[in-house]
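**Student:** Attaching a single structure in structure tokens format; questions to follow.
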Amino acid sequence: MKILLTGAAGFIGMSTALRLLARGDEVVGLDNLNDYYDVSLKEDRLQQLSALPGFRFVKRDVADRSGVEQLFAEEQFERVIHLAAQAGVRYSLLNPHAYVDSNLVGFVNVLEGCRHNQVQHLVYASSSSVYGGNTRMPFSEHDSVDHPVSLYAATKKANELMAHTYSHLYGLPTTGLRFFTVYGPWGRPDMALFLFTRAILEGRPIDVFNHGRMQRDFTYVDDIVEGLIRVTDRCATANAAYLPAEADPATSKVPYRVFNIGNHQPVPLLDFIAAIEDALGKKAEKRLLPMQDGDVPATWADTALLDDWVGFAPATPVAEGVKRFVAWYRDYYEV
């Protein structure tokens, strides 16, 4: 297939592109290469992709309305995987306008491109952050997600609502995937695994929020990509059994779906740190701090719906995934 992959220079984007190219798809990768984190890391990811047949890179911002319109009209994509977004919960407290531009304006530009160019299926990145203040565990797609605790979460919830609107009005099949704390080689420098690994190797203390009383459903990137590609291959369909009176958020009478994609096994943050220490052979100096604004104490994905839909089952234990990241980090930074 001919696939548009936005956010291709990102962490999940690169891994997704590699899998698509390996099976013979034609991938047009779009990214604006912004400086939210080290641009050289993004460029090195792209270098890995550009050496492979079937990949073309377009440097463009999804918020560029005319540029996105032109790209869709010229390329006539069969499917779109939309991963481009302004990421990060904490950064949304500092620079809210970046989230409006990328996550709202950019998303409607992609929706319009799909609508006007007969795209067969739009798969897009949502986030576990949409669960916000929910306390019932594990997080289920059937639960209400009307109480976000960060602007980032609010934009991801808005994406799901916008996608449903286009599925309803124009019959565009859309599937949203709520990612749960993705980690692995080539990961983002603002994520905990990267920050902790760097600090421990440099002999600096690590900041451990909520005094270490956190749990995260850490999910290895290869597992995420496996589920993502399976979902891309199965277009969203209307649920004939949907009952409007019950208003189940997970599905609809139109071709719209939303799924959790996670490891379905929450790990205490202190256990995750212990796995990093084991992989590094070095102990961390921990600086215990209060909870940060916009953060939540725990995440845990109920993945039953995704398993039923595409047979998704995560396969990478956290200890193994952390070892792979540390091996990549040592090699990439020559530590």
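Just remember, in the structure tokens the first chain shown is A, the second B, etc., residues are 1-based per chain, and ligands are 1-based in the order shown.
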Set the distance at 6 Å and use only C-alpha atoms: which residues neighbour range 170-185 of chain A once local chain neighbours fewer than 2 positions away are removed? I'd like the list as an NGL selection string.
**Tutor:** :A and (121-128 or 166-168 or 187 or 217-221 or 236 or 255-262 or 325 or 328)
**Student:** Would you save the residues from that selection as an mmCIF file, in the first residue's frame, using N, CA and C atoms?
**Tutor:**
data_model
loop_
_atom_site.group_PDB
_atom_site.id
_atom_site.type_symbol
_atom_site.label_atom_id
_atom_site.label_comp_id
_atom_site.auth_asym_id
_atom_site.auth_seq_id
_atom_site.Cartn_x
_atom_site.Cartn_y
_atom_site.Cartn_z
ATOM 1 N N HIS A 121 -8.493 4.448 5.215
ATOM 2 C CA HIS A 121 -8.475 4.273 6.663
ATOM 3 C C HIS A 121 -7.481 5.252 7.271
ATOM 4 N N LEU A 122 -7.914 5.962 8.299
ATOM 5 C CA LEU A 122 -7.043 6.839 9.079
ATOM 6 C C LEU A 122 -6.839 6.215 10.455
ATOM 7 N N VAL A 123 -5.583 5.921 10.782
ATOM 8 C CA VAL A 123 -5.208 5.452 12.116
ATOM 9 C C VAL A 123 -4.410 6.576 12.771
ATOM 10 N N TYR A 124 -4.745 6.927 13.997
ATOM 11 C CA TYR A 124 -4.091 8.068 14.626
ATOM 12 C C TYR A 124 -3.739 7.758 16.075
ATOM 13 N N ALA A 125 -2.752 8.477 16.576
ATOM 14 C CA ALA A 125 -2.279 8.303 17.947
ATOM 15 C C ALA A 125 -3.128 9.116 18.907
ATOM 16 N N SER A 126 -3.808 8.408 19.792
ATOM 17 C CA SER A 126 -4.394 9.048 20.960
ATOM 18 C C SER A 126 -3.447 8.769 22.124
ATOM 19 N N SER A 127 -3.932 8.784 23.338
ATOM 20 C CA SER A 127 -3.029 8.640 24.484
ATOM 21 C C SER A 127 -3.773 8.146 25.707
ATOM 22 N N SER A 128 -3.059 7.416 26.555
ATOM 23 C CA SER A 128 -3.626 7.021 27.850
ATOM 24 C C SER A 128 -3.936 8.246 28.702
ATOM 25 N N TYR A 166 -15.916 13.035 11.536
ATOM 26 C CA TYR A 166 -15.635 12.747 10.126
ATOM 27 C C TYR A 166 -16.103 11.344 9.740
ATOM 28 N N SER A 167 -16.049 10.412 10.663
ATOM 29 C CA SER A 167 -16.606 9.086 10.390
ATOM 30 C C SER A 167 -18.112 9.172 10.206
ATOM 31 N N HIS A 168 -18.742 10.015 11.000
ATOM 32 C CA HIS A 168 -20.202 10.176 10.925
ATOM 33 C C HIS A 168 -20.632 10.935 9.675
ATOM 34 N N GLY A 187 14.311 5.988 21.678
ATOM 35 C CA GLY A 187 13.231 6.671 22.378
ATOM 36 C C GLY A 187 13.450 8.163 22.550
ATOM 37 N N ASP A 217 2.034 1.604 32.803
ATOM 38 C CA ASP A 217 1.893 0.437 31.931
ATOM 39 C C ASP A 217 2.918 0.577 30.804
ATOM 40 N N PHE A 218 4.206 0.398 31.163
ATOM 41 C CA PHE A 218 5.291 0.565 30.201
ATOM 42 C C PHE A 218 5.138 -0.451 29.069
ATOM 43 N N THR A 219 5.168 0.042 27.820
ATOM 44 C CA THR A 219 4.917 -0.812 26.658
ATOM 45 C C THR A 219 6.054 -0.674 25.661
ATOM 46 N N TYR A 220 6.664 -1.797 25.312
ATOM 47 C CA TYR A 220 7.827 -1.794 24.427
ATOM 48 C C TYR A 220 7.422 -1.416 23.012
ATOM 49 N N VAL A 221 8.257 -0.653 22.345
ATOM 50 C CA VAL A 221 7.897 -0.066 21.060
ATOM 51 C C VAL A 221 7.564 -1.119 20.005
ATOM 52 N N ALA A 236 -11.602 0.350 10.214
ATOM 53 C CA ALA A 236 -12.691 0.506 11.171
ATOM 54 C C ALA A 236 -14.028 0.301 10.471
ATOM 55 N N PRO A 255 -18.188 4.103 11.075
ATOM 56 C CA PRO A 255 -16.897 3.396 11.047
ATOM 57 C C PRO A 255 -15.821 4.087 11.885
ATOM 58 N N TYR A 256 -15.968 3.941 13.179
ATOM 59 C CA TYR A 256 -15.100 4.613 14.161
ATOM 60 C C TYR A 256 -14.759 3.629 15.264
ATOM 61 N N ARG A 257 -13.482 3.545 15.598
ATOM 62 C CA ARG A 257 -13.048 2.681 16.703
ATOM 63 C C ARG A 257 -11.975 3.398 17.508
ATOM 64 N N VAL A 258 -11.882 3.051 18.774
ATOM 65 C CA VAL A 258 -10.793 3.537 19.619
ATOM 66 C C VAL A 258 -10.375 2.396 20.535
ATOM 67 N N PHE A 259 -9.053 2.204 20.664
ATOM 68 C CA PHE A 259 -8.528 1.084 21.433
ATOM 69 C C PHE A 259 -7.387 1.529 22.345
ATOM 70 N N ASN A 260 -7.318 0.889 23.506
ATOM 71 C CA ASN A 260 -6.094 0.949 24.307
ATOM 72 C C ASN A 260 -5.037 0.070 23.659
ATOM 73 N N ILE A 261 -3.781 0.513 23.701
ATOM 74 C CA ILE A 261 -2.677 -0.348 23.296
ATOM 75 C C ILE A 261 -1.577 -0.184 24.336
ATOM 76 N N GLY A 262 -1.433 -1.225 25.149
ATOM 77 C CA GLY A 262 -0.481 -1.179 26.255
ATOM 78 C C GLY A 262 -0.017 -2.566 26.624
ATOM 79 N N PHE A 325 17.044 -1.121 25.385
ATOM 80 C CA PHE A 325 17.243 0.327 25.317
ATOM 81 C C PHE A 325 18.643 0.703 25.776
ATOM 82 N N TRP A 328 21.189 -0.040 23.201
ATOM 83 C CA TRP A 328 21.150 0.972 22.133
ATOM 84 C C TRP A 328 21.782 2.277 22.607
#
**Student:** Which parts of range 77-319 of chain A does DSSP call strand (DSSP E) when run on the backbone here, written out as an MDAnalysis selection string?
**Tutor:** chainID A and resid 79:82 121:127 174:179 182:183 206:208 215:216 219:220 256:261 267:268 286:288
**Student:** Which is closer to Pro290 in chain A than all the others in A:Asp307, A:Asp302, A:Asp207, A:Glu43, using only C-alpha atoms?
**Tutor:** A:Asp207
**Student:** What does the structure give for the distance between CA of Asp190 in chain A and CA of Val149 in chain A, in Å to one decimal?
**Tutor:**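 Between CA of Asp190 in chain A and CA of Val149 in chain A the gap is 19.4 Å.
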**Student:** Between A:Phe209, A:Phe55, A:Tyr329, A:Phe77, which is the closest to Asn117 in chain A once you count only C-alpha atoms?
**Tutor:**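 The closest residue to Asn117 in chain A is A:Phe77.
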**Student:** Please determine, counting only C-alpha atoms, which residue among A:Ala313, A:Val326, A:Leu111, A:Ala304 has the shortest atom-to-atom distance to Ala163 in chain A.
**Tutor:**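 Of A:Ala313, A:Val326, A:Leu111, A:Ala304, the one nearest Ala163 in chain A is A:Leu111, counting only C-alpha atoms.
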**Student:** Hey, can you check how far CA of Asp61 in chain A sits from CA of Ala87 in chain A?
**Tutor:**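 Atom-to-atom, CA of Asp61 in chain A and CA of Ala87 in chain A are spaced 14.4 Å apart.
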**Student:** Hey, what's within 10 Å of Arg188 in chain A if we count only C-alpha atoms and toss same-chain stuff fewer than 3 positions away? As a PyMOL selection string, please?
**Tutor:** chain A and resi 10-12+37-38+41-42+87+182-185+191-195
**Student:** Please produce an output containing C-alpha atoms for each residue in the selection, written as an mmCIF file, in the first residue's frame.
**Tutor:**
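Result file result37.cif:
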data_model
loop_
_atom_site.group_PDB
_atom_site.id
_atom_site.type_symbol
_atom_site.label_atom_id
_atom_site.label_comp_id
_atom_site.auth_asym_id
_atom_site.auth_seq_id
_atom_site.Cartn_x
_atom_site.Cartn_y
_atom_site.Cartn_z
ATOM 1 C CA GLY A 10 9.697 10.430 15.780
ATOM 2 C CA PHE A 11 10.354 7.476 18.039
ATOM 3 C CA ILE A 12 7.261 5.411 17.188
ATOM 4 C CA TYR A 37 14.045 17.732 21.647
ATOM 5 C CA ASP A 38 17.423 17.087 19.987
ATOM 6 C CA LEU A 41 18.320 12.317 16.978
ATOM 7 C CA LYS A 42 15.409 12.834 14.578
ATOM 8 C CA ALA A 87 4.025 15.438 22.760
ATOM 9 C CA VAL A 182 5.975 3.616 25.071
ATOM 10 C CA TYR A 183 9.701 2.957 25.556
ATOM 11 C CA GLY A 184 12.581 1.320 23.704
ATOM 12 C CA PRO A 185 15.624 2.007 21.488
ATOM 13 C CA MET A 191 10.858 10.267 28.657
ATOM 14 C CA ALA A 192 11.726 8.695 31.997
ATOM 15 C CA LEU A 193 13.836 5.804 30.684
ATOM 16 C CA PHE A 194 16.069 8.131 28.665
ATOM 17 C CA LEU A 195 16.348 10.711 31.448
#
